[in-house]
>>> print(open('data_37.txt').read())   # compact mmCIF, C-alpha atoms
# COMPACT_ATOMS: atom_id res chain seq x y z
CA VAL A 1 13.54 -21.23 -10.76
CA ALA A 2 14.81 -19.21 -7.79
CA ARG A 3 17.06 -17.18 -10.12
CA ALA A 4 14.12 -16.51 -12.46
CA ARG A 5 11.91 -15.36 -9.61
CA ALA A 6 14.67 -13.15 -8.25
CA THR A 7 15.14 -11.57 -11.71
CA SER A 8 11.42 -10.90 -11.94
CA SER A 9 11.52 -9.34 -8.47
CA THR A 10 14.40 -7.04 -9.42
CA LEU A 11 12.61 -5.85 -12.54
CA TYR A 12 9.46 -5.04 -10.58
CA ILE A 13 11.31 -3.22 -7.80
CA ASP A 14 13.36 -1.17 -10.28
CA THR A 15 10.19 -0.18 -12.12
CA MET A 16 8.30 0.80 -8.98
CA SER A 17 11.24 2.76 -7.61
CA ALA A 18 11.76 4.68 -10.81
CA LEU A 19 8.11 5.55 -11.14
CA THR A 20 7.29 6.43 -7.54
CA HIS A 21 10.52 6.82 -5.54
CA ALA A 22 8.61 4.84 -2.94
CA PHE A 23 10.57 1.66 -2.51
CA ALA A 24 8.49 -1.09 -0.98
CA ALA A 25 9.39 -4.51 0.37
CA PRO A 26 11.07 -6.77 -2.22
CA ARG A 27 9.65 -9.98 -3.56
CA VAL A 28 9.81 -12.71 -0.98
CA ASN A 29 12.32 -15.42 -1.71
CA PRO A 30 10.77 -18.89 -1.69
CA GLY A 31 13.24 -19.89 1.00
CA ALA A 32 12.37 -16.97 3.25
CA THR A 33 9.29 -18.49 4.86
CA LEU A 34 9.48 -18.97 8.59
CA ALA A 35 8.87 -22.64 7.97
CA PRO A 36 7.73 -24.60 4.91
CA ALA A 37 4.03 -23.86 4.50
CA ARG A 38 3.11 -26.33 1.78
CA ARG A 39 1.36 -29.55 2.65
CA GLY A 40 -0.19 -27.85 5.69
CA THR A 41 2.97 -27.21 7.68
CA ARG A 42 2.39 -24.76 10.51
CA ALA A 43 5.15 -22.63 11.92
CA ARG A 44 5.30 -20.95 15.29
CA ALA A 45 7.01 -17.58 15.17
CA ARG A 46 8.64 -15.53 17.88
CA ARG A 47 5.73 -13.47 19.17
CA VAL A 48 6.16 -9.76 19.71
CA ALA A 49 3.53 -8.23 21.96
CA ILE A 50 1.65 -5.33 20.37
CA PRO A 51 0.44 -2.89 23.04
CA ARG A 52 -3.26 -2.70 23.85
CA ALA A 53 -5.16 -0.48 21.44
CA SER A 54 -6.48 2.88 22.55
CA SER A 55 -8.64 5.59 20.99
CA SER A 56 -6.93 8.32 23.04
CA GLY A 57 -6.32 11.52 21.12
CA ILE A 58 -8.43 10.57 18.09
CA SER A 59 -11.63 12.51 17.42
CA LYS A 60 -13.80 13.09 14.40
CA PRO A 61 -13.59 16.42 12.56
CA GLU A 62 -15.73 19.11 14.13
CA GLY A 63 -19.21 19.14 12.64
CA TRP A 64 -18.62 15.94 10.67
CA THR A 65 -21.81 14.25 9.48
CA PRO A 66 -21.71 11.00 7.51
CA PRO A 67 -23.29 11.32 4.06
CA THR A 68 -26.50 9.62 2.99
CA PRO A 69 -25.65 6.44 1.05
CA GLN A 70 -26.27 6.68 -2.68
CA LYS A 71 -26.43 3.28 -4.37
CA PHE A 72 -24.84 2.89 -7.80
CA THR A 73 -23.83 6.54 -7.81
CA VAL A 74 -20.38 8.02 -8.35
CA SER A 75 -19.70 11.23 -6.41
CA GLU A 76 -19.29 14.35 -8.50
CA GLY A 77 -15.77 14.65 -9.86
CA ARG A 78 -14.88 11.07 -8.89
CA LEU A 79 -15.65 9.19 -12.11
CA GLY A 80 -12.02 9.23 -13.24
CA THR A 81 -10.79 7.93 -9.87
CA VAL A 82 -13.33 5.11 -9.82
CA ALA A 83 -12.56 4.16 -13.43
CA HIS A 84 -8.84 4.13 -12.67
CA SER A 85 -9.48 2.02 -9.57
CA ALA A 86 -11.40 -0.48 -11.72
CA ILE A 87 -8.33 -1.32 -13.81
CA PRO A 88 -7.04 -3.93 -11.30
CA LEU A 89 -10.53 -5.47 -11.25
CA VAL A 90 -10.34 -6.01 -15.02
CA LEU A 91 -6.72 -7.19 -15.02
CA ARG A 92 -7.47 -9.73 -12.30
CA ALA A 93 -10.68 -10.93 -13.99
CA GLY A 94 -12.80 -9.98 -11.01
CA THR A 95 -11.03 -12.34 -8.59
CA GLY A 96 -12.36 -11.68 -5.11
CA ALA A 97 -15.82 -10.56 -6.25
CA LEU A 98 -17.47 -13.99 -5.90
CA ILE A 99 -17.43 -16.29 -2.92
CA ASN A 100 -15.86 -19.73 -3.37
CA GLY A 101 -18.25 -22.11 -5.12
CA TRP A 102 -20.71 -19.33 -5.92
CA SER A 103 -23.92 -20.73 -7.34
CA PRO A 104 -27.14 -18.73 -7.99
CA SER A 105 -30.69 -20.11 -7.97
CA LEU A 106 -34.28 -18.83 -7.82
CA VAL A 107 -36.16 -19.64 -4.61
CA ASP A 108 -39.75 -19.00 -3.56
CA ASP A 109 -38.79 -17.19 -0.36
CA ASP A 110 -38.99 -13.40 -0.75
CA ASP A 111 -37.82 -12.44 2.74
CA ALA A 112 -36.91 -8.75 2.54
CA SER A 113 -34.43 -9.10 5.41
CA VAL A 114 -32.26 -11.40 3.29
CA TYR A 115 -29.93 -9.88 0.71
CA SER A 116 -30.78 -10.53 -2.92
CA ILE A 117 -29.74 -8.72 -6.06
CA ALA A 118 -33.06 -9.58 -7.76
CA ARG A 119 -36.64 -10.22 -6.65
CA VAL A 120 -39.62 -10.90 -8.87
CA ALA A 121 -43.10 -12.42 -8.39
CA GLY A 122 -42.43 -13.66 -4.86
CA LYS A 123 -39.09 -15.18 -5.79
CA ARG A 124 -35.57 -14.06 -5.10
CA LEU A 125 -32.14 -14.91 -6.41
CA ALA A 126 -30.34 -16.99 -3.77
CA GLU A 127 -26.59 -17.46 -3.81
CA ALA A 128 -24.85 -20.57 -2.47
CA SER A 129 -21.19 -21.14 -1.59
CA GLU A 130 -18.65 -23.85 -0.75
CA LEU A 131 -16.63 -23.01 2.35
CA GLY A 132 -14.86 -24.77 5.18
CA PRO A 133 -14.83 -24.05 8.93
CA ARG A 134 -14.81 -20.42 10.05
CA PRO A 135 -11.90 -19.15 12.16
CA ALA A 136 -12.90 -18.12 15.67
CA THR A 137 -10.75 -14.98 15.51
CA PRO A 138 -9.69 -12.91 12.50
CA ILE A 139 -6.51 -13.94 10.73
CA GLU A 140 -3.79 -11.29 11.07
CA VAL A 141 -1.85 -10.10 8.02
CA PHE A 142 1.00 -7.59 7.87
CA GLU A 143 0.92 -6.16 4.32
CA TYR A 144 0.50 -3.08 2.15
CA GLU A 145 -2.03 -2.24 -0.54
CA GLY A 146 0.43 -1.61 -3.38
CA SER A 147 2.11 -5.03 -3.27
CA PRO A 148 1.12 -7.54 -5.99
CA TYR A 149 1.88 -10.42 -3.64
CA CYS A 150 -0.23 -9.01 -0.81
CA ARG A 151 -3.05 -8.66 -3.31
CA LYS A 152 -3.11 -12.42 -3.89
CA VAL A 153 -3.62 -13.04 -0.19
CA ARG A 154 -6.37 -10.40 0.04
CA GLU A 155 -8.18 -11.94 -2.93
CA ALA A 156 -7.96 -15.42 -1.38
CA ALA A 157 -9.37 -14.09 1.90
CA ALA A 158 -12.24 -12.47 0.00
CA VAL A 159 -13.02 -15.64 -1.96
CA LEU A 160 -13.09 -17.59 1.31
CA ASP A 161 -15.29 -14.94 3.00
CA LEU A 162 -12.85 -14.46 5.88
CA ASP A 163 -12.43 -11.59 8.31
CA VAL A 164 -8.83 -10.35 8.34
CA LEU A 165 -7.03 -7.94 10.64
CA TYR A 166 -4.62 -5.95 8.48
CA ARG A 167 -1.60 -4.23 9.97
CA PRO A 168 -0.31 -1.88 7.24
CA CYS A 169 3.42 -2.12 6.51
CA PRO A 170 4.18 0.29 3.64
CA SER A 171 7.73 1.50 3.09
CA GLY A 172 8.77 3.78 5.96
CA GLU A 173 6.17 2.49 8.43
CA ALA A 174 7.89 2.30 11.81
CA PHE A 175 5.71 0.15 14.09
CA TYR A 176 4.02 -2.89 12.51
CA ARG A 177 6.78 -3.41 9.95
CA PRO A 178 9.53 -3.76 12.61
CA ALA A 179 7.19 -5.87 14.78
CA ALA A 180 6.74 -8.36 11.94
CA LYS A 181 10.48 -8.47 11.24
CA ALA A 182 11.16 -9.05 14.94
CA GLU A 183 9.09 -12.23 14.60
CA GLY A 184 11.25 -13.41 11.72
CA ALA A 185 9.34 -12.04 8.72
CA LYS A 186 11.83 -10.81 6.14
CA THR A 187 9.26 -9.76 3.54
CA PHE A 188 5.53 -9.18 3.16
CA PRO A 189 2.81 -10.38 3.28
CA TYR A 190 3.32 -11.96 6.68
CA MET A 191 0.38 -13.92 8.09
CA LYS A 192 -0.37 -15.05 11.62
CA ASP A 193 -3.30 -17.28 12.50
CA ALA A 194 -4.02 -17.43 16.23
CA ASN A 195 -6.56 -20.17 15.55
CA THR A 196 -3.84 -22.66 14.54
CA GLY A 197 -0.59 -21.05 15.68
CA ALA A 198 0.61 -20.79 12.08
CA ALA A 199 2.86 -17.92 10.96
CA MET A 200 4.34 -17.58 7.49
CA THR A 201 5.42 -15.40 4.61
CA GLU A 202 5.31 -16.24 0.86
CA SER A 203 1.99 -15.33 -0.72
CA ASP A 204 1.48 -18.62 -2.58
CA ASP A 205 2.00 -20.61 0.60
CA ILE A 206 -0.44 -18.37 2.47
CA VAL A 207 -3.10 -18.76 -0.22
CA GLU A 208 -2.81 -22.55 -0.10
CA TYR A 209 -2.77 -22.49 3.70
CA LEU A 210 -6.04 -20.54 3.76
CA PHE A 211 -7.72 -23.00 1.40
CA ARG A 212 -6.25 -25.94 3.28
CA ASN A 213 -7.70 -24.72 6.58
CA TYR A 214 -10.80 -22.72 5.60
CA GLY A 215 -11.72 -23.98 2.14
CA PRO A 216 -14.20 -26.73 1.22
CA ARG A 217 -11.59 -29.52 1.54
CA ALA A 218 -10.59 -28.56 5.09
CA GLY A 219 -11.00 -31.57 7.34
CA ASP A 220 -10.27 -34.12 4.63
CA PRO A 221 -7.82 -36.70 6.01
CA ASP A 222 -5.35 -36.12 3.17
CA VAL A 223 -5.76 -32.33 2.90
CA ASP A 224 -2.11 -31.74 3.83
CA ASP A 225 -1.03 -33.60 0.69
CA MET A 226 -3.35 -31.79 -1.72
CA ASP A 227 -2.04 -29.41 -4.36
CA ALA A 228 -3.68 -26.10 -5.21
CA THR A 229 -5.94 -27.59 -7.88
CA THR A 230 -7.28 -30.30 -5.58
CA LEU A 231 -7.76 -27.76 -2.79
CA GLY A 232 -9.97 -25.76 -5.12
CA VAL A 233 -7.75 -22.67 -5.32
CA PRO A 234 -9.12 -20.55 -8.22
CA PHE A 235 -6.99 -20.51 -11.36
CA MET A 236 -6.16 -16.80 -10.97
CA LEU A 237 -4.73 -17.45 -7.48
CA ARG A 238 -2.55 -20.47 -8.28
CA ARG A 239 1.21 -20.42 -8.48
CA GLY A 240 2.46 -19.42 -11.88
CA GLY A 241 3.03 -16.79 -14.51
CA ILE A 242 -0.52 -15.56 -15.20
CA THR A 243 -1.20 -14.87 -11.52
CA ASN A 244 2.03 -12.97 -10.94
CA LEU A 245 1.84 -11.13 -14.26
CA THR A 246 -1.67 -9.81 -13.69
CA CYS A 247 -0.95 -8.94 -10.04
CA TYR A 248 2.12 -6.96 -11.15
CA ALA A 249 0.03 -5.19 -13.80
CA ALA A 250 -2.70 -4.39 -11.27
CA ALA A 251 -0.12 -2.86 -8.91
CA LEU A 252 1.50 -0.81 -11.67
CA ALA A 253 -1.91 0.47 -12.76
CA ARG A 254 -2.34 2.32 -9.46
CA LEU A 255 1.08 2.87 -7.81
CA LYS A 256 -0.63 3.77 -4.54
CA GLY A 257 -0.44 2.39 -1.02
CA LEU A 258 3.33 1.94 -1.17
CA LYS A 259 4.81 4.54 1.14
CA ALA A 260 3.85 5.61 4.66
CA ARG A 261 2.77 9.17 5.42
CA PRO A 262 2.80 10.91 8.83
CA SER A 263 -0.38 10.13 10.73
CA ARG A 264 -1.98 10.22 14.15
CA ALA A 265 -2.28 6.45 13.99
CA ALA A 266 1.48 6.11 13.50
CA ALA A 267 2.14 8.60 16.31
CA ALA A 268 -0.15 6.70 18.66
CA ALA A 269 1.57 3.41 17.80
CA ALA A 270 5.00 4.97 18.41
CA ALA A 271 3.75 6.13 21.83
CA GLY A 272 2.76 2.57 22.71
CA THR A 273 -1.00 3.12 22.41
CA PRO A 274 -2.00 2.07 18.86
CA VAL A 275 -5.48 3.05 17.75
CA GLU A 276 -8.34 0.58 17.74
CA PRO A 277 -8.61 -1.21 14.39
CA LEU A 278 -11.30 0.19 12.12
CA ALA A 279 -13.76 -2.16 10.41
CA LEU A 280 -14.22 -2.07 6.64
CA TRP A 281 -16.99 -4.09 4.98
CA THR A 282 -16.16 -4.74 1.35
CA TYR A 283 -14.90 -7.25 -1.19
CA GLU A 284 -11.46 -7.11 -2.78
CA ALA A 285 -12.58 -6.43 -6.34
CA SER A 286 -14.61 -3.32 -5.50
CA PRO A 287 -13.21 -0.24 -7.31
CA PHE A 288 -14.95 2.00 -4.77
CA THR A 289 -12.89 0.48 -1.95
CA LYS A 290 -9.49 0.74 -3.63
CA GLU A 291 -8.74 4.37 -2.68
CA VAL A 292 -10.02 3.84 0.87
CA ARG A 293 -7.62 0.94 1.36
CA GLU A 294 -4.77 2.96 -0.12
CA VAL A 295 -5.32 5.72 2.44
CA LEU A 296 -5.63 3.23 5.31
CA THR A 297 -2.30 1.76 4.23
CA GLU A 298 -0.44 5.03 3.75
CA LEU A 299 -1.64 6.33 7.12
CA ALA A 300 -0.79 2.97 8.77
CA ILE A 301 -4.27 2.58 10.26
CA PRO A 302 -4.94 -1.00 11.41
CA HIS A 303 -8.29 -2.31 10.21
CA VAL A 304 -10.36 -5.46 10.04
CA VAL A 305 -11.76 -6.16 6.61
CA ARG A 306 -15.07 -8.00 6.78
CA TYR A 307 -15.12 -9.49 3.32
CA CYS A 308 -18.60 -9.87 1.84
CA PRO A 309 -18.28 -11.03 -1.79
CA ARG A 310 -21.30 -12.17 -3.77
CA GLY A 311 -22.81 -15.10 -1.89
CA SER A 312 -21.57 -14.02 1.55
CA ALA A 313 -23.93 -14.27 4.53
CA LYS A 314 -22.29 -11.10 5.83
CA ARG A 315 -24.37 -9.17 3.32
CA ASP A 316 -27.39 -10.11 5.45
CA GLU A 317 -25.46 -8.96 8.54
CA LEU A 318 -24.83 -5.55 7.00
CA ILE A 319 -28.49 -5.19 6.04
CA ALA A 320 -29.50 -6.03 9.61
CA LYS A 321 -27.01 -3.49 10.91
CA THR A 322 -27.67 -0.58 8.55
CA GLY A 323 -30.90 -1.35 6.72
CA THR A 324 -29.15 -1.61 3.35
CA PHE A 325 -26.28 -3.30 1.57
CA GLN A 326 -23.61 -1.16 -0.01
CA VAL A 327 -19.83 -1.32 0.07
CA PRO A 328 -17.59 -0.02 1.33
CA PHE A 329 -19.00 0.56 4.80
CA LEU A 330 -16.62 1.91 7.44
CA GLU A 331 -16.80 1.72 11.25
CA ASP A 332 -14.34 3.70 13.38
CA PRO A 333 -14.44 2.69 17.07
CA ASN A 334 -11.99 5.50 17.89
CA THR A 335 -14.56 8.19 17.01
CA GLY A 336 -17.88 6.34 16.80
CA VAL A 337 -18.28 7.26 13.12
CA GLU A 338 -20.05 4.79 10.83
CA MET A 339 -20.45 5.63 7.16
CA PHE A 340 -21.00 4.66 3.56
CA GLU A 341 -19.64 6.49 0.48
CA SER A 342 -15.97 5.94 -0.42
CA ALA A 343 -15.19 9.55 -1.40
CA ALA A 344 -16.42 10.77 1.99
CA MET A 345 -14.41 8.01 3.71
CA VAL A 346 -11.22 9.27 2.09
CA GLU A 347 -11.98 12.82 3.23
CA TYR A 348 -12.81 11.59 6.73
CA LEU A 349 -9.65 9.49 7.09
CA GLU A 350 -7.46 12.34 5.85
CA ALA A 351 -9.09 14.85 8.20
CA THR A 352 -9.05 12.52 11.21
CA TYR A 353 -5.74 10.69 10.92
CA ALA A 354 -3.37 12.48 8.52
CA LEU A 355 -0.75 14.91 9.86
>>> encode(input="data_37.txt", output="structure tokens")
Amino acid sequence: VARARATSSTLYIDTMSALTHAFAAPRVNPGATLAPARRGTRARARRVAIPRASSSGISKPEGWTPPTPQKFTVSEGRLGTVAHSAIPLVLRAGTGALINGWSPSLVDDDDASVYSIARVAGKRLAEASELGPRPATPIEVFEYEGSPYCRKVREAAAVLDLDVLYRPCPSGEAFYRPAAKAEGAKTFPYMKDANTGAAMTESDDIVEYLFRNYGPRAGDPDVDDMDATTLGVPFMLRRGGITNLTCYAAALARLKGLKARPSRAAAAAAAGTPVEPLALWTYEASPFTKEVREVLTELAIPHVVRYCPRGSAKRDELIAKTGTFQVPFLEDPNTGVEMFESAAMVEYLEATYAL
């Protein structure tokens, strides 16, 4: 099995290198985890202190004004980009678009402050979910957008409606990538959970860990002995050929978010004053968010993703905050900018952080 997985890894790396000349981290070996993560095992890694974040030296472009949000509208000239970004959504069968245990129903309450995709005759479509306890602080993941294995973890986090602090580690990134390796991570994704003290690599183990601790079976006395099926891990996120095959295909469809580019965020991190993490409200399957995440990765900008799939209560939070629900929504504490519209976000990030 290990030889078969290694052969698959080699084929993927050779293909990516030939097509992009942007070599990324190789497939994690099943034995490379910091400690066995199955059956609920929690590992404690060597902690490397990341300096306190600072917004020093970062400012928004002169005269920048966030655009007015336009629901269900593709910016002029962007239809091809959005369609291309939707290919992974199709290949992965929409995994990450719905919250775990999503269940719709019609209710009599027509409270306009509550998100609903449909309202009629004093009724609204309510959406229920099946989740476990919520972590007190965001889970931390070192990863990069173009990795098929990192994608599995992102999709699991979206399904479980978690908030995750991402520290981008594309090929050539010189701050978060070495910090993760100094803690013992040999490959990516690398997850740390300050709520439990767990730290691990291996995407399949991370997915099962998240369901074991934050899924609907969390708290069951025998949860540590449950397999993925019993834990309720969706079929498209379970160990096996179909998951890896479609994640590979989704990565090859875009070939973005693999290699670091010079940025003000990287320069600030190298100087010991990394920028404050941005906040991105979205769900993993959104084609409008794909390019934004690719730029955040390539420019090594740390960011918290506030996942809000269908059925998430965070959709109500975003309505309360902005008066509407639309994703992606970006908040930059380094400049004070808050904005909708993915095309404008890409322009903003390039103008503010790229060198």
>>> residues_around(input="data_37.txt", residues="range 325-328 of chain A", least_positions_apart="3", cutoff="8 Å", atoms="all atoms listed in the file", output="VMD selection string")
chain A and resid 69 71 115 280 to 283 286 288 to 289 315 to 316 318 to 319 322 340 to 342
>>> residues_around(input="data_37.txt", residues="Cys150 in chain A", least_positions_apart="2", cutoff="12 Å", atoms="all atoms listed in the file", output="PyMOL selection string")
chain A and resi 24-28+141-148+152-157+166-170+187-191+201-207+237+244+247-248+250-251+257-258+284
>>> closest_residue(input="data_37.txt", among="A:Arg239, A:Lys181, A:Arg310, A:Arg134", to="Val159 in chain A", atoms="only C-alpha atoms")
A:Arg310
>>> atom_distance(input="data_37.txt", atom1="CA of Lys259 in chain A", atom2="CA of Leu160 in chain A")
28.5 Å
>>> atom_distance(input="data_37.txt", atom1="CA of Ile50 in chain A", atom2="CA of Ala180 in chain A")
10.3 Å
>>> atom_distance(input="data_37.txt", atom1="CA of Leu131 in chain A", atom2="CA of Met236 in chain A")
18.0 Å
>>> closest_residue(input="data_37.txt", among="A:Val114, A:Ile87, A:Val304, A:Leu231", to="Ala249 in chain A", atoms="only C-alpha atoms")
A:Ile87
>>> closest_residue(input="data_37.txt", among="A:Glu298, A:Glu130, A:Glu350, A:Glu276", to="Gly336 in chain A", atoms="all atoms listed in the file")
A:Glu276
>>> residues_around(input="data_37.txt", residues="range 122-126 of chain A", least_positions_apart="3", cutoff="12 Å", atoms="all atoms listed in the file", output="list in words")
Trp102, Ser103, Pro104, Ser105, Leu106, Val107, Asp108, Asp109, Asp110, Asp111, Ala112, Ser113, Val114, Tyr115, Ser116, Ile117, Ala118, Arg119, Ser129, Arg310, Gly311, Ser312, Ala313 and Asp316 of chain A
>>> closest_residue(input="data_37.txt", among="A:Ala93, A:Asn213, A:Val82, A:Ala185", to="Thr243 in chain A", atoms="only C-alpha atoms")
A:Ala93
>>> closest_residue(input="data_37.txt", among="A:Val74, A:Ala128, A:Leu79, A:Leu245", to="Leu98 in chain A", atoms="all atoms listed in the file")
A:Ala128
>>> residues_near_point(input="data_37.txt", point="(-7.9, -25.3, -0.9)", cutoff="8 Å", atoms="all atoms listed in the file", output="CSV table (one decimal) with C-alpha atoms, in the coordinates of the input")
chain,number,residue,atom,x,y,z
A,208,GLU,CA,-2.8,-22.6,-0.1
A,209,TYR,CA,-2.8,-22.5,3.7
A,210,LEU,CA,-6.0,-20.5,3.8
A,211,PHE,CA,-7.7,-23.0,1.4
A,212,ARG,CA,-6.2,-25.9,3.3
A,213,ASN,CA,-7.7,-24.7,6.6
A,214,TYR,CA,-10.8,-22.7,5.6
A,215,GLY,CA,-11.7,-24.0,2.1
A,216,PRO,CA,-14.2,-26.7,1.2
A,217,ARG,CA,-11.6,-29.5,1.5
A,218,ALA,CA,-10.6,-28.6,5.1
A,226,MET,CA,-3.4,-31.8,-1.7
A,227,ASP,CA,-2.0,-29.4,-4.4
A,228,ALA,CA,-3.7,-26.1,-5.2
A,229,THR,CA,-5.9,-27.6,-7.9
A,230,THR,CA,-7.3,-30.3,-5.6
A,231,LEU,CA,-7.8,-27.8,-2.8
A,232,GLY,CA,-10.0,-25.8,-5.1
A,233,VAL,CA,-7.8,-22.7,-5.3
>>> closest_residue(input="data_37.txt", among="A:Val223, A:Ile58, A:Cys308, A:Ala158", to="Ser263 in chain A", atoms="all atoms listed in the file")
A:Ile58
>>> residues_around(input="data_37.txt", residues="Ala344 in chain A", least_positions_apart="3", cutoff="10 Å", atoms="only C-alpha atoms", output="PDB file with C-alpha atoms, in the frame of the given file")
ATOM      1  CA  THR A  65     -21.810  14.250   9.480  1.00  0.00           C
ATOM      2  CA  PRO A  66     -21.710  11.000   7.510  1.00  0.00           C
ATOM      3  CA  PRO A  67     -23.290  11.320   4.060  1.00  0.00           C
ATOM      4  CA  SER A  75     -19.700  11.230  -6.410  1.00  0.00           C
ATOM      5  CA  VAL A 292     -10.020   3.840   0.870  1.00  0.00           C
ATOM      6  CA  MET A 339     -20.450   5.630   7.160  1.00  0.00           C
ATOM      7  CA  PHE A 340     -21.000   4.660   3.560  1.00  0.00           C
ATOM      8  CA  GLU A 341     -19.640   6.490   0.480  1.00  0.00           C
ATOM      9  CA  GLU A 347     -11.980  12.820   3.230  1.00  0.00           C
ATOM     10  CA  TYR A 348     -12.810  11.590   6.730  1.00  0.00           C
ATOM     11  CA  LEU A 349      -9.650   9.490   7.090  1.00  0.00           C
ATOM     12  CA  GLU A 350      -7.460  12.340   5.850  1.00  0.00           C
TER      13      GLU A 350
END
>>> axis_aligned_box(input="data_37.txt", around="range 142-157 of chain A", padding_each_side="5 Å", output="JSON")
{"center_x": -3.6, "center_y": -8.5, "center_z": 0.9, "size_x": 21.5, "size_y": 23.8, "size_z": 23.9}
